[in-house]
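**Student:** Dropping in work.txt, which is compact mmCIF, C-alpha atoms and all ligand atoms:
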# COMPACT_ATOMS: atom_id res chain seq x y z
CA MET A 22 -53.84 53.18 28.95
CA GLY A 23 -56.26 55.93 27.87
CA ASN A 24 -55.22 58.25 30.68
CA THR A 25 -51.52 57.62 30.04
CA LEU A 26 -51.86 58.41 26.33
CA ILE A 27 -53.80 61.60 27.06
CA LYS A 28 -51.15 62.74 29.56
CA ILE A 29 -48.33 61.98 27.09
CA SER A 30 -50.22 63.89 24.37
CA ILE A 31 -50.37 66.97 26.61
CA TRP A 32 -46.55 67.01 26.81
CA TYR A 33 -46.35 66.84 23.01
CA PHE A 34 -48.87 69.73 22.84
CA ILE A 35 -46.78 71.84 25.21
CA ILE A 36 -43.57 71.07 23.30
CA GLY A 37 -45.25 71.56 19.89
CA VAL A 38 -46.80 74.96 20.57
CA THR A 39 -43.68 76.17 22.39
CA LEU A 40 -41.63 75.30 19.31
CA GLY A 41 -44.22 77.11 17.15
CA LEU A 42 -43.98 80.17 19.40
CA TYR A 43 -40.17 80.10 19.19
CA MET A 44 -40.33 79.81 15.38
CA SER A 45 -42.70 82.79 15.21
CA MET A 46 -40.63 84.97 17.53
CA ALA A 47 -37.26 84.08 15.98
CA HIS A 48 -38.57 84.15 12.38
CA ASP A 49 -36.80 80.81 12.05
CA TYR A 50 -38.98 78.25 10.28
CA ASN A 51 -36.37 75.51 9.85
CA LEU A 52 -38.05 73.30 12.42
CA THR A 53 -41.56 73.58 10.91
CA GLY A 54 -41.49 69.86 10.04
CA VAL A 55 -40.71 68.95 13.64
CA HIS A 56 -43.36 71.36 14.97
CA ALA A 57 -46.07 70.00 12.63
CA HIS A 58 -45.32 66.33 13.40
CA VAL A 59 -44.96 66.80 17.15
CA ASN A 60 -48.38 68.48 17.13
CA LEU A 61 -50.12 66.04 14.80
CA LEU A 62 -48.52 62.67 15.64
CA GLY A 63 -47.84 63.55 19.29
CA TRP A 64 -50.66 65.78 20.51
CA VAL A 65 -53.55 65.09 18.13
CA SER A 66 -53.00 61.39 17.35
CA LEU A 67 -52.13 60.25 20.86
CA ALA A 68 -54.96 62.28 22.41
CA ILE A 69 -57.45 60.72 19.99
CA ALA A 70 -56.08 57.21 20.71
CA GLY A 71 -56.41 57.91 24.45
CA ILE A 72 -59.99 59.15 24.05
CA PHE A 73 -60.82 56.05 21.96
CA TYR A 74 -59.63 53.86 24.82
CA LYS A 75 -61.72 55.85 27.32
CA LEU A 76 -64.80 55.53 25.08
CA PHE A 77 -64.23 51.85 24.26
CA PRO A 78 -62.26 50.36 27.18
CA HIS A 79 -62.17 46.86 25.65
CA LEU A 80 -59.95 48.23 22.86
CA ALA A 81 -57.29 49.14 25.43
CA GLU A 82 -57.11 45.59 26.75
CA THR A 83 -55.76 44.01 23.55
CA ALA A 84 -52.17 43.08 22.75
CA SER A 85 -52.45 45.34 19.67
CA ALA A 86 -53.11 48.34 21.93
CA LYS A 87 -49.97 47.63 23.95
CA VAL A 88 -47.83 47.12 20.84
CA HIS A 89 -49.15 50.36 19.32
CA PHE A 90 -48.48 52.21 22.58
CA TRP A 91 -44.82 51.21 22.65
CA LEU A 92 -44.08 51.51 18.93
CA HIS A 93 -45.66 54.99 18.74
CA ASN A 94 -44.01 56.21 21.94
CA ILE A 95 -40.57 54.92 20.97
CA GLY A 96 -40.70 55.67 17.24
CA LEU A 97 -41.98 59.26 17.44
CA PRO A 98 -39.30 60.71 19.77
CA VAL A 99 -36.57 58.92 17.78
CA MET A 100 -38.00 60.36 14.54
CA MET A 101 -38.48 63.87 15.95
CA GLY A 102 -35.09 64.00 17.68
CA GLY A 103 -33.40 62.76 14.50
CA LEU A 104 -35.25 65.29 12.33
CA ALA A 105 -34.46 68.20 14.66
CA LEU A 106 -30.76 67.25 14.75
CA ALA A 107 -30.54 66.61 10.99
CA ILE A 108 -32.21 69.96 10.19
CA SER A 109 -29.96 71.72 12.70
CA GLY A 110 -26.87 70.52 10.84
CA ALA A 111 -25.72 67.78 13.21
CA GLY A 112 -25.14 65.47 10.25
CA ASP A 113 -26.99 63.33 7.75
CA LEU A 114 -26.46 60.36 10.05
CA PHE A 115 -29.50 61.57 11.93
CA LEU A 116 -31.67 61.02 8.86
CA THR A 117 -31.25 57.32 9.68
CA PHE A 118 -33.00 57.99 12.98
CA VAL A 119 -35.80 59.73 11.07
CA ALA A 120 -36.20 56.69 8.81
CA ILE A 121 -36.08 54.10 11.60
CA GLY A 122 -38.28 56.14 13.97
CA GLY A 123 -40.73 56.85 11.15
CA VAL A 124 -41.05 53.18 10.17
CA VAL A 125 -41.51 52.15 13.83
CA THR A 126 -44.20 54.82 14.30
CA VAL A 127 -46.04 53.86 11.11
CA LEU A 128 -45.99 50.16 12.07
CA GLY A 129 -47.50 51.14 15.44
CA ILE A 130 -50.23 53.12 13.67
CA TYR A 131 -51.00 50.16 11.37
CA ILE A 132 -51.45 48.02 14.48
CA PHE A 133 -53.64 50.72 16.07
CA GLY A 134 -55.79 50.68 12.92
CA TYR A 135 -55.96 46.88 12.98
CA ASN A 136 -57.06 46.95 16.63
CA ILE A 137 -59.86 49.44 15.97
CA LEU A 138 -61.11 47.80 12.77
CA LYS A 139 -61.02 44.27 14.22
CA ASN A 140 -62.33 44.90 17.73
CA LEU A 141 -64.54 48.01 17.72
CA ASP A 142 -67.79 46.11 17.13
CA GLN A 143 -67.10 43.38 19.70
C1 LIG B 201 -50.06 78.62 19.40
C2 LIG B 201 -49.51 77.53 18.91
C3 LIG B 201 -48.80 77.47 17.56
C4 LIG B 201 -47.91 78.34 17.01
C5 LIG B 201 -47.35 79.63 17.63
C6 LIG B 201 -47.57 77.82 15.69
C7 LIG B 201 -46.66 78.39 14.79
C8 LIG B 201 -46.35 77.91 13.55
C9 LIG B 201 -45.41 78.51 12.63
C10 LIG B 201 -44.64 79.79 12.87
C11 LIG B 201 -45.38 77.73 11.51
C12 LIG B 201 -44.52 77.95 10.27
C13 LIG B 201 -45.33 78.68 9.22
C14 LIG B 201 -44.58 78.77 7.90
O1 LIG B 201 -43.68 77.97 7.63
O2 LIG B 201 -44.94 79.66 7.10
C15 LIG B 201 -46.29 76.62 11.72
C16 LIG B 201 -46.52 75.61 10.80
C17 LIG B 201 -47.35 74.54 11.01
N1 LIG B 201 -48.06 74.26 12.15
FE1 LIG B 201 -48.13 75.42 13.82
N2 LIG B 201 -48.26 76.65 15.49
C18 LIG B 201 -49.03 76.39 16.60
C19 LIG B 201 -49.85 75.30 16.80
C20 LIG B 201 -50.04 74.24 15.91
C21 LIG B 201 -50.91 73.09 16.13
C22 LIG B 201 -51.71 72.87 17.42
C23 LIG B 201 -50.81 72.31 15.03
C24 LIG B 201 -51.47 71.01 14.72
C25 LIG B 201 -52.31 70.38 15.53
C26 LIG B 201 -49.91 72.96 14.10
C27 LIG B 201 -49.58 72.48 12.85
C28 LIG B 201 -48.76 73.10 11.95
C29 LIG B 201 -48.50 72.60 10.62
C30 LIG B 201 -49.08 71.34 9.98
C31 LIG B 201 -47.59 73.49 10.03
C32 LIG B 201 -46.96 73.40 8.65
C33 LIG B 201 -47.78 74.24 7.68
C34 LIG B 201 -47.12 74.32 6.33
O3 LIG B 201 -45.90 74.13 6.23
O4 LIG B 201 -47.83 74.60 5.36
N3 LIG B 201 -49.47 74.12 14.67
N4 LIG B 201 -46.86 76.75 12.96
As structure tokens, how would this structure be written, given the file I've shared?
Ligand code: HEM
**Tutor:**
Amino acid sequence: MGNTLIKISIWYFIIGVTLGLYMSMAHDYNLTGVHAHVNLLGWVSLAIAGIFYKLFPHLAETASAKVHFWLHNIGLPVMMGGLALAISGAGDLFLTFVAIGGVVTVLGIYIFGYNILKNLDQ
């Protein structure tokens, strides 16, 4: 699971910095919120989770790790896609995706935190 998370994080890094480069070149900062969250919740957070699992392999074997993996990797793209579409004027309906994706992602992160706090010392 560590390798998979690190590979996924690299895609978020590529997408995040490419969006930042576009924003800089176009002088269009509307998508700053998407850029910041793709970089921090996608690249930074998932890379750190992946490195944790490489450092402490027993943490990757738990049910909590699997639940976090799926909630984070489903919630974040739903949240980011919804935010990008809502900001781009596709309609306030997409704010619902931001809310649902955000809650799913946060629940996943709570479970990640539970896994680390409960199992790190074992
Ligand atoms: C070379 C790659 C990057 C480029 C070209 C870039 C570009 C930008 C631009 C143009 C903005 C908008 C600035 C503004 O609204 O005044 C921005 C904001 C931001 N970026 Fe990046 N960025 C890059 C990488 C990253 C990375 C790696 C992270 C985090 C790990 C990051 C996190 C943020 C955050 C948090 C903001 C919001 C700052 C604020 O609104 O105060 N960026 N970036």
**Student:** Per residue of chain A within 10 Å of ligand LIG 201 (chain B), which atom pair is closest and at what distance in Å (one decimal), using only C-alpha atoms and all ligand atoms, listed by chain and increasing number, as a Markdown table?
**Tutor:**
| residue | atom | partner | partner_atom | distance |
| --- | --- | --- | --- | --- |
| A:Tyr33 | CA | B:LIG201 | C22 | 9.8 |
| A:Phe34 | CA | B:LIG201 | C22 | 6.9 |
| A:Ile35 | CA | B:LIG201 | C2 | 8.9 |
| A:Ile36 | CA | B:LIG201 | C2 | 9.8 |
| A:Gly37 | CA | B:LIG201 | C19 | 6.7 |
| A:Val38 | CA | B:LIG201 | C2 | 4.1 |
| A:Thr39 | CA | B:LIG201 | C2 | 6.9 |
| A:Leu40 | CA | B:LIG201 | C4 | 7.3 |
| A:Gly41 | CA | B:LIG201 | C7 | 3.6 |
| A:Leu42 | CA | B:LIG201 | C5 | 3.8 |
| A:Tyr43 | CA | B:LIG201 | C5 | 7.4 |
| A:Met44 | CA | B:LIG201 | C10 | 5.0 |
| A:Ser45 | CA | B:LIG201 | C10 | 4.3 |
| A:Met46 | CA | B:LIG201 | C10 | 8.0 |
| A:Ala47 | CA | B:LIG201 | C10 | 9.1 |
| A:His48 | CA | B:LIG201 | C10 | 7.5 |
| A:Asp49 | CA | B:LIG201 | C10 | 7.9 |
| A:Tyr50 | CA | B:LIG201 | O1 | 5.4 |
| A:Asn51 | CA | B:LIG201 | O1 | 8.0 |
| A:Leu52 | CA | B:LIG201 | C12 | 8.3 |
| A:Thr53 | CA | B:LIG201 | C12 | 5.3 |
| A:Gly54 | CA | B:LIG201 | C32 | 6.7 |
| A:Val55 | CA | B:LIG201 | C31 | 9.0 |
| A:His56 | CA | B:LIG201 | N1 | 6.2 |
| A:Ala57 | CA | B:LIG201 | C29 | 4.1 |
| A:His58 | CA | B:LIG201 | C30 | 7.1 |
| A:Val59 | CA | B:LIG201 | C24 | 8.1 |
| A:Asn60 | CA | B:LIG201 | C25 | 4.6 |
| A:Leu61 | CA | B:LIG201 | C25 | 4.9 |
| A:Leu62 | CA | B:LIG201 | C25 | 8.6 |
| A:Gly63 | CA | B:LIG201 | C25 | 9.0 |
| A:Trp64 | CA | B:LIG201 | C25 | 7.0 |
| A:Val65 | CA | B:LIG201 | C25 | 6.0 |
| A:Ser66 | CA | B:LIG201 | C25 | 9.2 |
**Student:** Write the residues of the selection above to a file with C-alpha atoms, as a tab-separated table (two decimals), in the frame of the given file.
**Tutor:**
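Resulting contents of out.tsv:
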chain	number	residue	atom	x	y	z
A	33	TYR	CA	-46.35	66.84	23.01
A	34	PHE	CA	-48.87	69.73	22.84
A	35	ILE	CA	-46.78	71.84	25.21
A	36	ILE	CA	-43.57	71.07	23.30
A	37	GLY	CA	-45.25	71.56	19.89
A	38	VAL	CA	-46.80	74.96	20.57
A	39	THR	CA	-43.68	76.17	22.39
A	40	LEU	CA	-41.63	75.30	19.31
A	41	GLY	CA	-44.22	77.11	17.15
A	42	LEU	CA	-43.98	80.17	19.40
A	43	TYR	CA	-40.17	80.10	19.19
A	44	MET	CA	-40.33	79.81	15.38
A	45	SER	CA	-42.70	82.79	15.21
A	46	MET	CA	-40.63	84.97	17.53
A	47	ALA	CA	-37.26	84.08	15.98
A	48	HIS	CA	-38.57	84.15	12.38
A	49	ASP	CA	-36.80	80.81	12.05
A	50	TYR	CA	-38.98	78.25	10.28
A	51	ASN	CA	-36.37	75.51	9.85
A	52	LEU	CA	-38.05	73.30	12.42
A	53	THR	CA	-41.56	73.58	10.91
A	54	GLY	CA	-41.49	69.86	10.04
A	55	VAL	CA	-40.71	68.95	13.64
A	56	HIS	CA	-43.36	71.36	14.97
A	57	ALA	CA	-46.07	70.00	12.63
A	58	HIS	CA	-45.32	66.33	13.40
A	59	VAL	CA	-44.96	66.80	17.15
A	60	ASN	CA	-48.38	68.48	17.13
A	61	LEU	CA	-50.12	66.04	14.80
A	62	LEU	CA	-48.52	62.67	15.64
A	63	GLY	CA	-47.84	63.55	19.29
A	64	TRP	CA	-50.66	65.78	20.51
A	65	VAL	CA	-53.55	65.09	18.13
A	66	SER	CA	-53.00	61.39	17.35
**Student:** Between A:Ala70, A:Ile137, A:Ile29, A:Ala105, which is the closest to A:Thr83 once you count only C-alpha atoms?
**Tutor:**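 Residue with the minimum atom-to-atom distance to A:Thr83: A:Ile137.
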**Student:** Compile the contact shell of A:Ala68 as a ChimeraX atom specification: residues with an atom at most 9 Å away, counting all atoms listed in the file, same-chain residues fewer than 6 positions apart removed.
**Tutor:** /A:23,26-31
**Student:** Between atom CA of A:Asn24 and atom CA of A:Tyr74, what distance in Å does the model show, to one decimal?
**Tutor:**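 Pair atom CA of A:Asn24 / atom CA of A:Tyr74 returns 8.5 Å.
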**Student:** Measuring between all atoms listed in the file, which one of A:Ile130, A:Val125, A:Met22, A:Ile95 shows the shortest distance to A:Lys75?
**Tutor:**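 Selected residue with least distance to A:Lys75: A:Met22.
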**Student:** Would you mind reading off the distance between atom CA of A:Tyr135 and atom CA of A:Trp32, one decimal, in Å?
**Tutor:**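 Between atom CA of A:Tyr135 and atom CA of A:Trp32 the gap is 26.2 Å.
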**Student:** Please report the interatomic distance between atom CA of A:Lys139 and atom CA of A:His79 in Å with one decimal.
**Tutor:** 11.8 Å
**Student:** If you take every atom of stretch 26-44 of chain A that the file lists and fit an axis-aligned box around them with 4 Å extra on each side, what centre and edge lengths come out in Å to one decimal, as lines of an AutoDock Vina configuration file?
**Tutor:**
center_x = -47.0
center_y = 69.3
center_z = 22.5
size_x = 21.6
size_y = 29.8
size_z = 22.2
**Student:** Taking into account only C-alpha atoms, which residue in the set A:Ala86, A:Leu67, A:Ala81, A:Met101 is nearest to A:Gly122?
**Tutor:** A:Met101
**Student:** Extract, using all atoms listed in the file, all DNA, RNA and protein residues at most 8 Å from A:Phe118, discarding same-chain residues fewer than 2 positions from it, and format them as a list of chain:residue names.
**Tutor:** A:Val99, A:Met100, A:Gly102, A:Gly103, A:Leu104, A:Leu114, A:Phe115, A:Leu116, A:Ala120, A:Ile121, A:Gly122
**Student:** For A:Asn94, find every residue with an atom within 9 Å (counting only C-alpha atoms), except residues of its own chain fewer than 2 positions away, and show them as an mmCIF file with C-alpha atoms, in the coordinates of the input.
**Tutor:**
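Written file, out05.cif:
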data_model
loop_
_atom_site.group_PDB
_atom_site.id
_atom_site.type_symbol
_atom_site.label_atom_id
_atom_site.label_comp_id
_atom_site.auth_asym_id
_atom_site.auth_seq_id
_atom_site.Cartn_x
_atom_site.Cartn_y
_atom_site.Cartn_z
ATOM 1 C CA ILE A 29 -48.330 61.980 27.090
ATOM 2 C CA GLY A 63 -47.840 63.550 19.290
ATOM 3 C CA HIS A 89 -49.150 50.360 19.320
ATOM 4 C CA PHE A 90 -48.480 52.210 22.580
ATOM 5 C CA TRP A 91 -44.820 51.210 22.650
ATOM 6 C CA LEU A 92 -44.080 51.510 18.930
ATOM 7 C CA GLY A 96 -40.700 55.670 17.240
ATOM 8 C CA LEU A 97 -41.980 59.260 17.440
ATOM 9 C CA PRO A 98 -39.300 60.710 19.770
ATOM 10 C CA VAL A 99 -36.570 58.920 17.780
ATOM 11 C CA THR A 126 -44.200 54.820 14.300
ATOM 12 C CA GLY A 129 -47.500 51.140 15.440
#
